[in-house]
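Each remark here refers to the structure printed beneath this line.
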Number of protein chains: 2
Amino acid sequence: MQMELIKKQEFDKIKNLDISIYNKLGIIAEMCRYNTLVAVKKAGSGHLGSSLSSMDIVVWLYYYEMNTVDVGIDNVNRDIYFSSKGHDVPGQYAVLHSLGILSDEKLLSLRRLNGIDGHPDVGINGIEANSGSLGMGISKAKGMAWAKEYQKFKGHVYVMTGDGEFQEGQNFEALQTVVQQKIYGLTVIMDHNKVQSDKLIDQIISLGNLRTKIESFGWEVYRIDGNDLRSIETAFQYRKEHPDKNIFIIADTIKGKGVSFMEHPESMLVGNGLYPWHAGAPDDVNFNKAIDELKIKIQNKISSLDITPIIYTDIEQISNNYENSIPLNSLGEPISEAAINNHKLSVSSEYIVEAYGKALVNAGMFHPELIVLDADLSSDCRLRNFENNINEQFIENGIAEQDMVSMAGGLARIGLLPVVNSFASFLASRANEQIYNNATEKTKIIYGFHYAGLIPAGPGKSHQSIRDISLIGALPNVEILQPCNAIETSMILNYCINITNKNSVIRMNIGPSPQKINLPANYTLTYGEGVPITHGDDAILFSYGPVMLNEALIASELLTAEGFGLKVINMPWLNRVDISWFEDVIEKYDRIFVLDDHSIVGGLGDFLLSELVGNKILNNKSFIKYGVEGYPACGTPIEALSYHRIDGNSLAKRILLNK
Amino acid sequence: MQMELIKKQEFDKIKNLDISIYNKLGIIAEMCRYNTLVAVKKAGSGHLGSSLSSMDIVVWLYYYEMNTVDVGIDNVNRDIYFSSKGHDVPGQYAVLHSLGILSDEKLLSLRRLNGIDGHPDVGINGIEANSGSLGMGISKAKGMAWAKEYQKFKGHVYVMTGDGEFQEGQNFEALQTVVQQKIYGLTVIMDHNKVQSDKLIDQIISLGNLRTKIESFGWEVYRIDGNDLRSIETAFQYRKEHPDKNIFIIADTIKGKGVSFMEHPESMLVGNGLYPWHAGAPDDVNFNKAIDELKIKIQNKISSLDITPIIYTDIEQISNNYENSIPLNSLGEPISEAAINNHKLSVSSEYIVEAYGKALVNAGMFHPELIVLDADLSSDCRLRNFENNINEQFIENGIAEQDMVSMAGGLARIGLLPVVNSFASFLASRANEQIYNNATEKTKIIYGFHYAGLIPAGPGKSHQSIRDISLIGALPNVEILQPCNAIETSMILNYCINITNKNSVIRMNIGPSPQKINLPANYTLTYGEGVPITHGDDAILFSYGPVMLNEALIASELLTAEGFGLKVINMPWLNRVDISWFEDVIEKYDRIFVLDDHSIVGGLGDFLLSELVGNKILNNKSFIKYGVEGYPACGTPIEALSYHRIDGNSLAKRILLNK
């Protein structure tokens with residue numbers, strides 16, 4: 001599919017025109033919207049809706065309000081802008097690119113290894129704060145403002161928040177503390193586009209009377225049309241006139257602004273009431289439709305000006321540098337093209353989460369005590385069927401994981417069986433103390449840890465969950481399980497609902513399974529036991545979940561070709577093992593490997609090792625853990641896997657070398 | 001010291017009188033205050049201030065408002081009351097005791113093994129929710145109310161919150177979600193006594209205009225004098241008249257109410273501006289003063305009534321049953337009296353945290369970039385000197401750990417070195433995602449994890465931090481260290497400030513060190529290395545911190561008497577080890593033990609085992625981890641240690657048996 005980018009020179013052309021600032025930035029905003037679409041389309045995913053809604057403000061800030069470009073992005077006296085929600089970073093990248101802070105190649109490397117992350121990362125030029133998990137931004141901005149004041153640095157701090165994001169309680173902690181902490185002159189801008197993941201805020205958890213609420217925390221509120229540059233100007237004019245005030249700008253915006261069919265509310269009709277452009281790239285047809293619309297809009301805006309038409313450059317001429325560079329793994333060794341090409345790119349149509357969603361509906365119909373809780377990820381976590389069909393057993397909690405988990409604790413105390421859902425990185429971490437507190441009450445709660453593990457790696461380290469097993473591991477009455485296919489998903493949910501009296505975590509990969517993992521026809525889930533999925537006499541490897549089992553199977557195949565037999569065990573129990581089964585299964589092997597879809601610290605590897613040694617059955621066998629070392633890499637699945645040397649090719653090599 | 005309790009019969013005597021409800025409950029409240037004081041004095045610690053401020057409301061609820069006693073504490077249609085802050089549970093215990101729900105023995109077993117925990121636990125009769133960590137209560141109450149409505153159970157849910165507690169953002173999540181979740185008829189009561197740990201809320205983080213703030217979240221506010229029964233009555237009358245409303249009762253109360261010299265604001269003068277009765281038992285003189293005052297008050301109130309004087313029963317006649325029962329350890333084996341008596345009860349005058357506080361002041365004077373952050377535990381974390389003397393480098397954040405940690409992230413991004421302090425259980429857990437997010441920015445932050453480990457065990461499992469190493473362990477750029485004595489504390493702080501470029505955690509025991517741990521005169525902290533503190537040829541044991549090293553030393557002494565030489569290594573590095581040092585030090589031993597002041601999952605034991613096996617130096621040696629298994633027991637230090645079989649006596653036995 002052919003794609004074209006608007007290069008920096010074109011932006012300079014507009015920038016240097018002697019026209020009104022509104023006309024000028026109006027054109028630049030549309031051009032940045034255009035490039036945002038290209039970057040997201042090239043990446044194959046990314047958050048368009050809020051990149052587009054916040055664009056006019058971001059352009060205004062960088063081009064008119066802030067000194068950042070003039071003094072330099074590393075100058076201590078620079079103005080600082082960052083987004084708390086982070087979703088909108090493709091839009092910010094496009095603006096940074098238009099200013100020459102990010103190169104063409106960089107902009108086109110969205111969500112790629114060594115490229116620019118799917119959520120903001122300070123390793124990227126011009127990015128001031130890591131985000132992605134919601135609700136931390138105002139707190140961080142507070143710290144930056146305090147630090148500037150303390151060190152007598154100049155420069156202003158602007159932080160953009162989402163509106164759905166305001167369901168997170170940390171925002172209110174931050175608002176509440178500024179007065180006492182003598183922080184002055186902070187600007188919060190809410191990109192109030194009224195839409196969360198795919199529903200209206202008022203359908204999820206309404207923010208009520210926002211102005212009154214925020215004023216009650218001692219802040220001055222200034223409300224504008226955030227897609228109107230003149231209206232935006234008034235807010236920042238007011239800002240300048242009141243340098244010591246903390247100002248909260250509520251910017252009413254339109255999600256998807258600038259591309260007619262992506263704009264709320266029209267777009268909601270297309271999506272049958274659901275907003276379709278929060279995340280994910282448009283298909284070719286919609287992409288071309290959007291691009292054409294923006295091109296016409298830009299052309300219309302410049303038609304009366306005495307300039308040459310905007311040049312659109314074929315990205316094939318740009319991205320070669322990046323595409324041709326050889327990616328390196330975590331040891332700095334080149335990742336061979338062969339390794340990447342050999343990787344099974346085809347994906348099966350099986351989704352673990354879909355099986356989970358279905359099994360949950362079935363269970364819900366027979367278990368009136370089963371209550372499903374959601375934190376605005378109903379669609380991603382495949383809860384929508386449950387929500388729509390068994391609505392009386394469904395509780396929407398908005399983006400407030402702590403409240404959700406403690407509420408589940410209350411439900412459980414009064415005899416219900418809560419099934420709590422969110423992405424693993426948010427649920428295990430942000431609501432960790434609440435999960436602990438519930439567990440100490442010895443009630444029973446099921447936690448659905450969605451989006452667990454390294455893959456998908458595009459959204460970046462805020463979303464990749466490689467710590468969740470370690471975050472739960474020290475809880476004595478919580479069992480952690482991870483299914484490898486649809487059938488095992490049902491078995492595990494059944495176990496959690498009907499068999500165990502403990503709390504449980506069901507850890508799930510979110511994407512399509514790279515291949516459908518086959519289990520023996522007579523397989524049944526048995527407490528603390530795994531099941532072989534390949535046979536071999538030379539070594540044994542334990543792993544779990546379709547993503548890593550796929551790599552294990554690739555490794556096993558490669559090893560077989562080398563005359564090395566690897567027995568791969570699917571081990572769905574991540575913190576429980578039946579010792580006599582374990583002893584039997586490892587008996588004849590001198591070499592034991594464990595492959596974690598998790599940090600090598602605190603995952604299945606550490607657990608099994610502790611059991612081996614604690615039960616005195618290691619017997620001088622070699623034991624090696626594979627898993628994620630360091631922070632999870634952003635990139636395509638194979639890039640991230642290869643970077644961490646846990647793709648099938650790397651594993652086969654490492655197993656042969658026994659290291 | 002002689003103490004006397006008012007037994008249930010005496011309460012019945014008052015309860016059955018034909019006098020006004022205000023007079024009756026007024027007397028009962030004073031009697032419960034009296035018993036609260038006795039229970040806390042007997043325990044040696046406990047939270048008096050808020051037990052006393054909330055007493056009138058709690059008495060009114062149980063004696064007049066709720067059906068709980070009539071229908072039974074396990075009846076699904078019962079009214080539910082619980083405290084979100086949990087500090088005030090000694091007061092609630094006294095009320096439950098007065099109603100016959102807790103026995104005399106139970107009330108007098110506050111903070112003892114198999115007794116009643118320092119913070120609420122549902123294992124105790126009449127307690128509806130675990131708490132202790134702040135800000136979870138409204139969320140839980142919401143869950144309970146939802147579950148009652150869903151199951152058509154009758155009964156109302158009342159939850160008490162603190163006012164300082166309202167600095168936690170989760171409260172606002174909970175307030176914000178009720179409307180959408182169709183929760184009706186919930187009652188939140190804020191015990192608004194205006195004082196946090198030891199300072200006024202308005203000196204820490206003001207709540208601003210509370211009424212406006214809470215109303216802006218869609219709640220109806222009803223404000224009363226929470227120490228006046230007639231005023232209390234009006235609120236609950238209103239409650240009954242509006243069964244479908246969610247009502248937030250702001251109860252203005254007086255911290256320490258009922259004992260003149262414990263009442264705010266008078267008591268603040270005695271404490272030089274600090275409230276002295278938040279936690280901890282009064283000394284004998286103050287105890288007697290308080291008791292005498294309450295006795296006179298009670299006598300005055302009943303003097304005009306036609307009843308016999310209140311009988312005060314010597315607790316020696318009561319507590320024998322509990323005292324004489326033989327406590328059992330986690331395996332159900334009796335803990336021998338000898339084991340408990342043999343335990344070194346004397347404590348040294350050394351406090352790790354005091355050394356930390358001093359070292360921090362010294363460092364702060366030379367490091368203007370060092371900024372200390374506190375979450376309303378300045379006194380407990382020994383930050384008060386820093387706060388008072390280097391105030392420009394001190395940031396008070398109130399009880400809002402998430403905001404504090406993210407704010408530190410912002411400070412670090414702008415070139416400062418934040419030192420973030422709170423209790424380990426709150427900081428590592430509640431702010432876990434924020435610590436992760438900061439760490440991914442590769443800045444440098446020091447986290448002071450106070451009150452780490454099993455001891456003190458009186459406050460119960462919300463405060464005992466035995467998961468914090470595991471919660472941080474999978475972060476690649478965070479080094480975790482724990483000092484064993486004052487000198488090592490300075491060395492570690494120096495390392496964290498001046499040497500490492502990583503994030504660091506300084507894990508600290510909060511109480512007095514059981515004994516001063518002696519290190520070799522020439523000892524210096526060396527990256528990844530420990531230091532022997534005893535010598536012996538038969539086995540080697542790694543541990544850290546004064547609490548567990550004390551037990552290790554006791555074990556070593558007992559073993560020496562048996563002719564068994566135990567080499568004890570102080571290992572201040574909890575997730576780093578120098579392998580060549582490690583290999584050397586273990587070389588001649590066949591048996592390696594690790595003693596964790598932490599869960600046996602994810603602590604030093606798991607880390608060292610992983611290193612031993614990963615580096616192929618285990619060589620078939622025996623390796624055994626000791627640490628906390630299951631949830632941490634509440635009790636005196638030796639009770640908790642013995643329960644978990646990690647006291648010196650148990651350790652000596654286990655080491656001899658090599659298990």
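Letters A, B, ... mark the chains of the structure tokens in the order given; residue numbers begin at 1 per chain; ligand numbers begin at 1, in order shown.
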Mind checking which residues fall within 12 Å of B:Phe172, counting only C-alpha atoms, ignoring those fewer than 5 positions away in the same chain, and posting them as a PyMOL selection string?
(chain A and resi 166-176+207+213+217+400+402-403) or (chain B and resi 135-139+165-167+177-178+213-219)
Close residues, A:Phe607 itself excluded, 10 Å, only C-alpha atoms, min 3 positions apart in chain, as a list in words
Ser470, Gly473, Leu574, Asn575, Arg576, Val577, Val601, Gly602, Gly603, Leu604, Ser610, Glu611 and Leu612 of chain A; Val601, Gly602 and Asp606 of chain B
Expected file: the selected residues, N, CA, C and O atoms, as an mmCIF file, in the first residue's frame:
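And here's selection_2.cif as it stands now:
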```cif
data_model
loop_
_atom_site.group_PDB
_atom_site.id
_atom_site.type_symbol
_atom_site.label_atom_id
_atom_site.label_comp_id
_atom_site.auth_asym_id
_atom_site.auth_seq_id
_atom_site.Cartn_x
_atom_site.Cartn_y
_atom_site.Cartn_z
ATOM 1 N N SER A 470 4.974 -11.856 39.565
ATOM 2 C CA SER A 470 5.775 -11.505 40.744
ATOM 3 C C SER A 470 4.982 -10.617 41.709
ATOM 4 O O SER A 470 5.213 -10.660 42.911
ATOM 5 N N GLY A 473 2.680 -13.235 43.430
ATOM 6 C CA GLY A 473 3.294 -14.481 43.893
ATOM 7 C C GLY A 473 3.367 -14.674 45.397
ATOM 8 O O GLY A 473 3.288 -15.804 45.877
ATOM 9 N N LEU A 574 0.923 -21.429 37.398
ATOM 10 C CA LEU A 574 2.128 -20.612 37.487
ATOM 11 C C LEU A 574 2.676 -20.492 38.909
ATOM 12 O O LEU A 574 3.797 -20.046 39.096
ATOM 13 N N ASN A 575 1.890 -20.873 39.892
ATOM 14 C CA ASN A 575 2.435 -20.874 41.263
ATOM 15 C C ASN A 575 1.950 -22.065 42.101
ATOM 16 O O ASN A 575 1.854 -21.983 43.316
ATOM 17 N N ARG A 576 1.658 -23.134 41.404
ATOM 18 C CA ARG A 576 1.300 -24.369 42.099
ATOM 19 C C ARG A 576 1.892 -25.512 41.290
ATOM 20 O O ARG A 576 1.846 -25.494 40.049
ATOM 21 N N VAL A 577 2.433 -26.531 41.966
ATOM 22 C CA VAL A 577 2.904 -27.704 41.222
ATOM 23 C C VAL A 577 2.714 -28.951 42.074
ATOM 24 O O VAL A 577 2.867 -28.905 43.306
ATOM 25 N N VAL A 601 12.519 -12.652 36.712
ATOM 26 C CA VAL A 601 12.409 -12.560 38.180
ATOM 27 C C VAL A 601 10.945 -12.745 38.578
ATOM 28 O O VAL A 601 10.063 -12.035 38.097
ATOM 29 N N GLY A 602 10.708 -13.713 39.438
ATOM 30 C CA GLY A 602 9.375 -13.852 40.014
ATOM 31 C C GLY A 602 8.343 -14.541 39.131
ATOM 32 O O GLY A 602 7.150 -14.481 39.432
ATOM 33 N N GLY A 603 8.767 -15.201 38.078
ATOM 34 C CA GLY A 603 7.826 -15.905 37.211
ATOM 35 C C GLY A 603 7.775 -17.389 37.516
ATOM 36 O O GLY A 603 8.137 -17.840 38.609
ATOM 37 N N LEU A 604 7.324 -18.159 36.519
ATOM 38 C CA LEU A 604 7.246 -19.618 36.688
ATOM 39 C C LEU A 604 8.628 -20.214 36.954
ATOM 40 O O LEU A 604 8.769 -21.146 37.746
ATOM 41 N N SER A 610 12.373 -22.994 42.994
ATOM 42 C CA SER A 610 12.197 -23.063 44.440
ATOM 43 C C SER A 610 11.605 -24.414 44.851
ATOM 44 O O SER A 610 12.013 -25.011 45.857
ATOM 45 N N GLU A 611 10.670 -24.926 44.051
ATOM 46 C CA GLU A 611 10.072 -26.219 44.356
ATOM 47 C C GLU A 611 11.070 -27.364 44.144
ATOM 48 O O GLU A 611 11.122 -28.314 44.938
ATOM 49 N N LEU A 612 11.861 -27.252 43.089
ATOM 50 C CA LEU A 612 12.858 -28.282 42.815
ATOM 51 C C LEU A 612 13.843 -28.413 43.964
ATOM 52 O O LEU A 612 14.149 -29.517 44.438
ATOM 53 N N VAL B 601 8.409 -16.260 49.421
ATOM 54 C CA VAL B 601 8.303 -16.072 47.959
ATOM 55 C C VAL B 601 8.822 -14.673 47.601
ATOM 56 O O VAL B 601 8.352 -13.672 48.126
ATOM 57 N N GLY B 602 9.797 -14.646 46.715
ATOM 58 C CA GLY B 602 10.233 -13.360 46.177
ATOM 59 C C GLY B 602 11.161 -12.551 47.061
ATOM 60 O O GLY B 602 11.367 -11.364 46.811
ATOM 61 N N ASP B 606 14.826 -16.517 47.374
ATOM 62 C CA ASP B 606 14.592 -16.817 45.958
ATOM 63 C C ASP B 606 15.664 -16.185 45.077
ATOM 64 O O ASP B 606 16.107 -16.784 44.097
#
```
Could you jot down the atom CA of A:Ser429 to atom CA of A:His463 separation for me, Å, one decimal place?
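Computing it gives 11.4 Å between the two atoms.
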Give me every helix (DSSP H, G or I) residue in stretch 380-514 of chain A, going by DSSP on the backbone, as a CSV table (one decimal) with C-alpha atoms, in the first residue's frame.
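Here's the written file part_15.csv:
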```
chain,number,residue,atom,x,y,z
A,384,ARG,CA,-19.2,-7.0,25.8
A,385,ASN,CA,-21.4,-10.0,25.3
A,386,PHE,CA,-21.7,-10.5,29.0
A,387,GLU,CA,-22.4,-6.8,29.5
A,388,ASN,CA,-25.1,-6.8,26.9
A,389,ASN,CA,-26.7,-10.1,27.7
A,391,ASN,CA,-26.3,-6.8,32.3
A,392,GLU,CA,-27.7,-7.3,35.7
A,393,GLN,CA,-24.5,-9.2,36.7
A,401,GLU,CA,-9.0,-0.1,39.2
A,402,GLN,CA,-8.5,0.5,42.9
A,403,ASP,CA,-12.2,1.2,43.5
A,404,MET,CA,-13.1,-1.7,41.3
A,405,VAL,CA,-11.0,-4.2,43.2
A,406,SER,CA,-12.1,-3.0,46.6
A,407,MET,CA,-15.7,-3.0,45.5
A,408,ALA,CA,-15.2,-6.6,44.4
A,409,GLY,CA,-14.0,-7.2,48.0
A,410,GLY,CA,-17.3,-5.9,49.3
A,411,LEU,CA,-19.3,-8.0,46.9
A,412,ALA,CA,-17.4,-11.1,47.9
A,413,ARG,CA,-18.0,-10.4,51.6
A,424,ALA,CA,-2.7,-7.2,33.8
A,425,SER,CA,-0.2,-4.3,34.1
A,426,PHE,CA,-2.8,-2.0,35.6
A,427,LEU,CA,-4.7,-4.5,37.7
A,428,ALA,CA,-1.8,-6.3,39.3
A,429,SER,CA,0.1,-3.2,39.9
A,430,ARG,CA,-2.2,-0.2,40.5
A,432,ASN,CA,-2.1,-4.4,44.2
A,433,GLU,CA,-2.8,-3.3,47.8
A,434,GLN,CA,-6.5,-3.8,47.2
A,435,ILE,CA,-6.0,-7.3,45.9
A,436,TYR,CA,-3.9,-8.0,49.0
A,437,ASN,CA,-6.5,-6.5,51.3
A,438,ASN,CA,-9.3,-8.6,49.7
A,439,ALA,CA,-7.1,-11.8,49.9
A,440,THR,CA,-6.6,-11.3,53.6
A,468,ASP,CA,2.2,-9.4,37.3
A,469,ILE,CA,3.1,-12.9,38.4
A,470,SER,CA,5.8,-11.5,40.7
A,471,LEU,CA,3.3,-8.9,42.1
A,472,ILE,CA,0.8,-11.7,43.1
A,486,ALA,CA,-9.6,-22.0,24.0
A,487,ILE,CA,-10.4,-25.3,25.6
A,488,GLU,CA,-8.0,-24.8,28.4
A,489,THR,CA,-9.5,-21.4,29.0
A,490,SER,CA,-12.9,-22.9,29.7
A,491,MET,CA,-11.3,-25.5,31.9
A,492,ILE,CA,-9.5,-22.9,33.9
A,493,LEU,CA,-12.5,-20.7,34.3
A,494,ASN,CA,-14.5,-23.7,35.4
A,495,TYR,CA,-11.8,-24.5,37.9
A,496,CYS,CA,-11.8,-21.0,39.3
A,497,ILE,CA,-15.5,-20.8,39.5
A,498,ASN,CA,-16.5,-24.3,40.6
A,499,ILE,CA,-13.6,-26.0,42.1
```
Considering only C-alpha atoms, return as a VMD selection string whatever protein or nucleic-acid residues lie within 7 Å of stretch 35-46 of chain A, sequence-local ones (same chain, fewer than 3 positions apart) excluded.
chain A and resid 3 5 to 6 31 to 32 90 to 91 94 107 to 108 110 to 111 118 279 to 282
Please provide the set of residues having any atom within 10 Å of B:Lys182, restricted to only C-alpha atoms, with same-chain residues fewer than 3 positions apart removed, written as a list in words.
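Residues near the query, excluding close chain neighbours: Ile395 of chain A; Lys142, Trp146, Glu149, Thr177, Val178, Val179 and Gly185 of chain B.
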Selection export as a PDB file, in the first residue's frame, atoms kept: all heavy atoms:
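Output saved as result.pdb:
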```
ATOM      1  N   ILE A 395     -20.901  -4.993  36.262  1.00  0.00           N
ATOM      2  CA  ILE A 395     -20.684  -3.673  36.862  1.00  0.00           C
ATOM      3  C   ILE A 395     -19.563  -2.956  36.109  1.00  0.00           C
ATOM      4  O   ILE A 395     -18.439  -3.439  36.037  1.00  0.00           O
ATOM      5  CB  ILE A 395     -20.313  -3.778  38.354  1.00  0.00           C
ATOM      6  CG1 ILE A 395     -21.448  -4.432  39.141  1.00  0.00           C
ATOM      7  CG2 ILE A 395     -20.010  -2.389  38.927  1.00  0.00           C
ATOM      8  CD1 ILE A 395     -21.144  -4.653  40.617  1.00  0.00           C
TER       9      ILE A 395
ATOM     10  N   LYS B 142     -19.618   0.198  48.947  1.00  0.00           N
ATOM     11  CA  LYS B 142     -20.351   0.203  47.692  1.00  0.00           C
ATOM     12  C   LYS B 142     -20.636  -1.229  47.233  1.00  0.00           C
ATOM     13  O   LYS B 142     -21.740  -1.564  46.827  1.00  0.00           O
ATOM     14  CB  LYS B 142     -19.448   0.844  46.622  1.00  0.00           C
ATOM     15  CG  LYS B 142     -19.908   2.115  46.030  1.00  0.00           C
ATOM     16  CD  LYS B 142     -18.841   2.646  45.070  1.00  0.00           C
ATOM     17  CE  LYS B 142     -18.323   1.586  44.114  1.00  0.00           C
ATOM     18  NZ  LYS B 142     -17.473   2.092  43.051  1.00  0.00           N
ATOM     19  N   TRP B 146     -24.260  -2.930  46.911  1.00  0.00           N
ATOM     20  CA  TRP B 146     -24.682  -3.481  45.622  1.00  0.00           C
ATOM     21  C   TRP B 146     -25.113  -4.946  45.807  1.00  0.00           C
ATOM     22  O   TRP B 146     -26.146  -5.380  45.301  1.00  0.00           O
ATOM     23  CB  TRP B 146     -23.537  -3.383  44.617  1.00  0.00           C
ATOM     24  CG  TRP B 146     -23.926  -3.566  43.173  1.00  0.00           C
ATOM     25  CD1 TRP B 146     -24.163  -2.579  42.259  1.00  0.00           C
ATOM     26  CD2 TRP B 146     -24.110  -4.810  42.464  1.00  0.00           C
ATOM     27  NE1 TRP B 146     -24.494  -3.119  41.039  1.00  0.00           N
ATOM     28  CE2 TRP B 146     -24.476  -4.479  41.123  1.00  0.00           C
ATOM     29  CE3 TRP B 146     -24.023  -6.154  42.819  1.00  0.00           C
ATOM     30  CZ2 TRP B 146     -24.726  -5.460  40.150  1.00  0.00           C
ATOM     31  CZ3 TRP B 146     -24.292  -7.133  41.855  1.00  0.00           C
ATOM     32  CH2 TRP B 146     -24.632  -6.778  40.540  1.00  0.00           C
ATOM     33  N   GLU B 149     -28.510  -5.291  47.600  1.00  0.00           N
ATOM     34  CA  GLU B 149     -29.597  -4.941  46.685  1.00  0.00           C
ATOM     35  C   GLU B 149     -29.828  -6.080  45.685  1.00  0.00           C
ATOM     36  O   GLU B 149     -30.957  -6.511  45.477  1.00  0.00           O
ATOM     37  CB  GLU B 149     -29.186  -3.654  45.940  1.00  0.00           C
ATOM     38  CG  GLU B 149     -30.128  -3.198  44.856  1.00  0.00           C
ATOM     39  CD  GLU B 149     -31.347  -2.487  45.417  1.00  0.00           C
ATOM     40  OE1 GLU B 149     -31.272  -2.034  46.588  1.00  0.00           O
ATOM     41  OE2 GLU B 149     -32.366  -2.410  44.710  1.00  0.00           O
ATOM     42  N   THR B 177     -18.287   6.917  41.384  1.00  0.00           N
ATOM     43  CA  THR B 177     -18.884   5.781  40.674  1.00  0.00           C
ATOM     44  C   THR B 177     -20.289   5.408  41.139  1.00  0.00           C
ATOM     45  O   THR B 177     -20.999   4.701  40.431  1.00  0.00           O
ATOM     46  CB  THR B 177     -17.994   4.530  40.797  1.00  0.00           C
ATOM     47  OG1 THR B 177     -17.521   4.450  42.138  1.00  0.00           O
ATOM     48  CG2 THR B 177     -16.822   4.599  39.844  1.00  0.00           C
ATOM     49  N   VAL B 178     -20.695   5.860  42.325  1.00  0.00           N
ATOM     50  CA  VAL B 178     -21.982   5.354  42.874  1.00  0.00           C
ATOM     51  C   VAL B 178     -23.193   5.668  42.020  1.00  0.00           C
ATOM     52  O   VAL B 178     -24.093   4.844  41.886  1.00  0.00           O
ATOM     53  CB  VAL B 178     -22.290   5.881  44.301  1.00  0.00           C
ATOM     54  CG1 VAL B 178     -21.507   5.127  45.325  1.00  0.00           C
ATOM     55  CG2 VAL B 178     -22.081   7.372  44.398  1.00  0.00           C
ATOM     56  N   VAL B 179     -23.220   6.869  41.455  1.00  0.00           N
ATOM     57  CA  VAL B 179     -24.416   7.268  40.710  1.00  0.00           C
ATOM     58  C   VAL B 179     -24.648   6.309  39.553  1.00  0.00           C
ATOM     59  O   VAL B 179     -25.721   5.722  39.411  1.00  0.00           O
ATOM     60  CB  VAL B 179     -24.269   8.712  40.185  1.00  0.00           C
ATOM     61  CG1 VAL B 179     -25.491   9.092  39.358  1.00  0.00           C
ATOM     62  CG2 VAL B 179     -24.068   9.686  41.334  1.00  0.00           C
ATOM     63  N   GLY B 185     -28.659   4.546  48.995  1.00  0.00           N
ATOM     64  CA  GLY B 185     -28.838   4.331  50.419  1.00  0.00           C
ATOM     65  C   GLY B 185     -27.574   4.032  51.186  1.00  0.00           C
ATOM     66  O   GLY B 185     -27.612   3.490  52.293  1.00  0.00           O
TER      67      GLY B 185
END
```
Pick out the closest residue to chain A from this set: B:Val478, B:Ala521, B:Val547, B:Val568. Count only C-alpha atoms.
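Of the candidates, the smallest distance to chain A is held by B:Val478.
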List the neighbours of B:Lys8 out to 7 Å using only C-alpha atoms; skip same-chain residues closer than 3 positions along the sequence, and give me the result as a ChimeraX atom specification.
/B:11-12,97-100
Atom pair atom CA of B:Asn272 + atom CA of B:Glu293, distance 23.1 Å
Give the strand (DSSP E or B) residues of stretch 204-434 of chain A, as assigned by DSSP on the backbone, as a PyMOL selection string.
chain A and resi 220-225+247-252+312-314+328+334+351+370-374+394-396+417-423
Would you output that residue set with C-alpha atoms, as a compact mmCIF listing (two decimals), in the first residue's frame?
```txt
# COMPACT_ATOMS: atom_id res chain seq x y z
CA GLU A 220 -9.37 27.97 38.62
CA VAL A 221 -11.25 26.54 35.66
CA TYR A 222 -11.15 28.05 32.19
CA ARG A 223 -13.33 26.44 29.56
CA ILE A 224 -12.67 26.64 25.84
CA ASP A 225 -13.43 25.10 22.49
CA ILE A 247 -5.28 26.80 35.91
CA PHE A 248 -7.36 23.90 34.74
CA ILE A 249 -8.41 24.34 31.14
CA ILE A 250 -11.38 22.25 30.13
CA ALA A 251 -11.05 22.02 26.39
CA ASP A 252 -14.20 20.78 24.73
CA TYR A 312 3.75 14.55 -0.40
CA THR A 313 6.75 12.25 -0.37
CA ASP A 314 6.44 8.55 -0.97
CA LEU A 328 20.18 -5.66 17.56
CA PRO A 334 22.41 -8.47 15.16
CA TYR A 351 -8.15 -15.65 20.70
CA LEU A 370 -21.09 -14.40 39.37
CA ILE A 371 -20.61 -10.66 38.89
CA VAL A 372 -18.32 -9.33 36.16
CA LEU A 373 -16.51 -6.05 36.80
CA ASP A 374 -14.91 -3.94 34.11
CA PHE A 394 -22.22 -6.67 35.13
CA ILE A 395 -20.68 -3.67 36.86
CA GLU A 396 -18.91 -0.98 34.89
CA LEU A 417 -18.35 -14.15 43.21
CA PRO A 418 -16.73 -11.17 41.52
CA VAL A 419 -14.76 -11.61 38.31
CA VAL A 420 -12.59 -8.51 38.03
CA ASN A 421 -11.12 -7.53 34.66
CA SER A 422 -8.50 -5.18 33.36
CA PHE A 423 -5.13 -5.26 31.68
```
Test item: residues at most 9 Å from stretch 234-236 of chain A, only C-alpha atoms, excluding those fewer than 2 positions along its chain, as a list in words
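That gives Leu61, Glu65, Tyr222, Arg223, Ile224, Leu229, Arg230, Ser231, Ile232, Tyr238, Arg239, Lys240, Glu241 and Ile249 of chain A.
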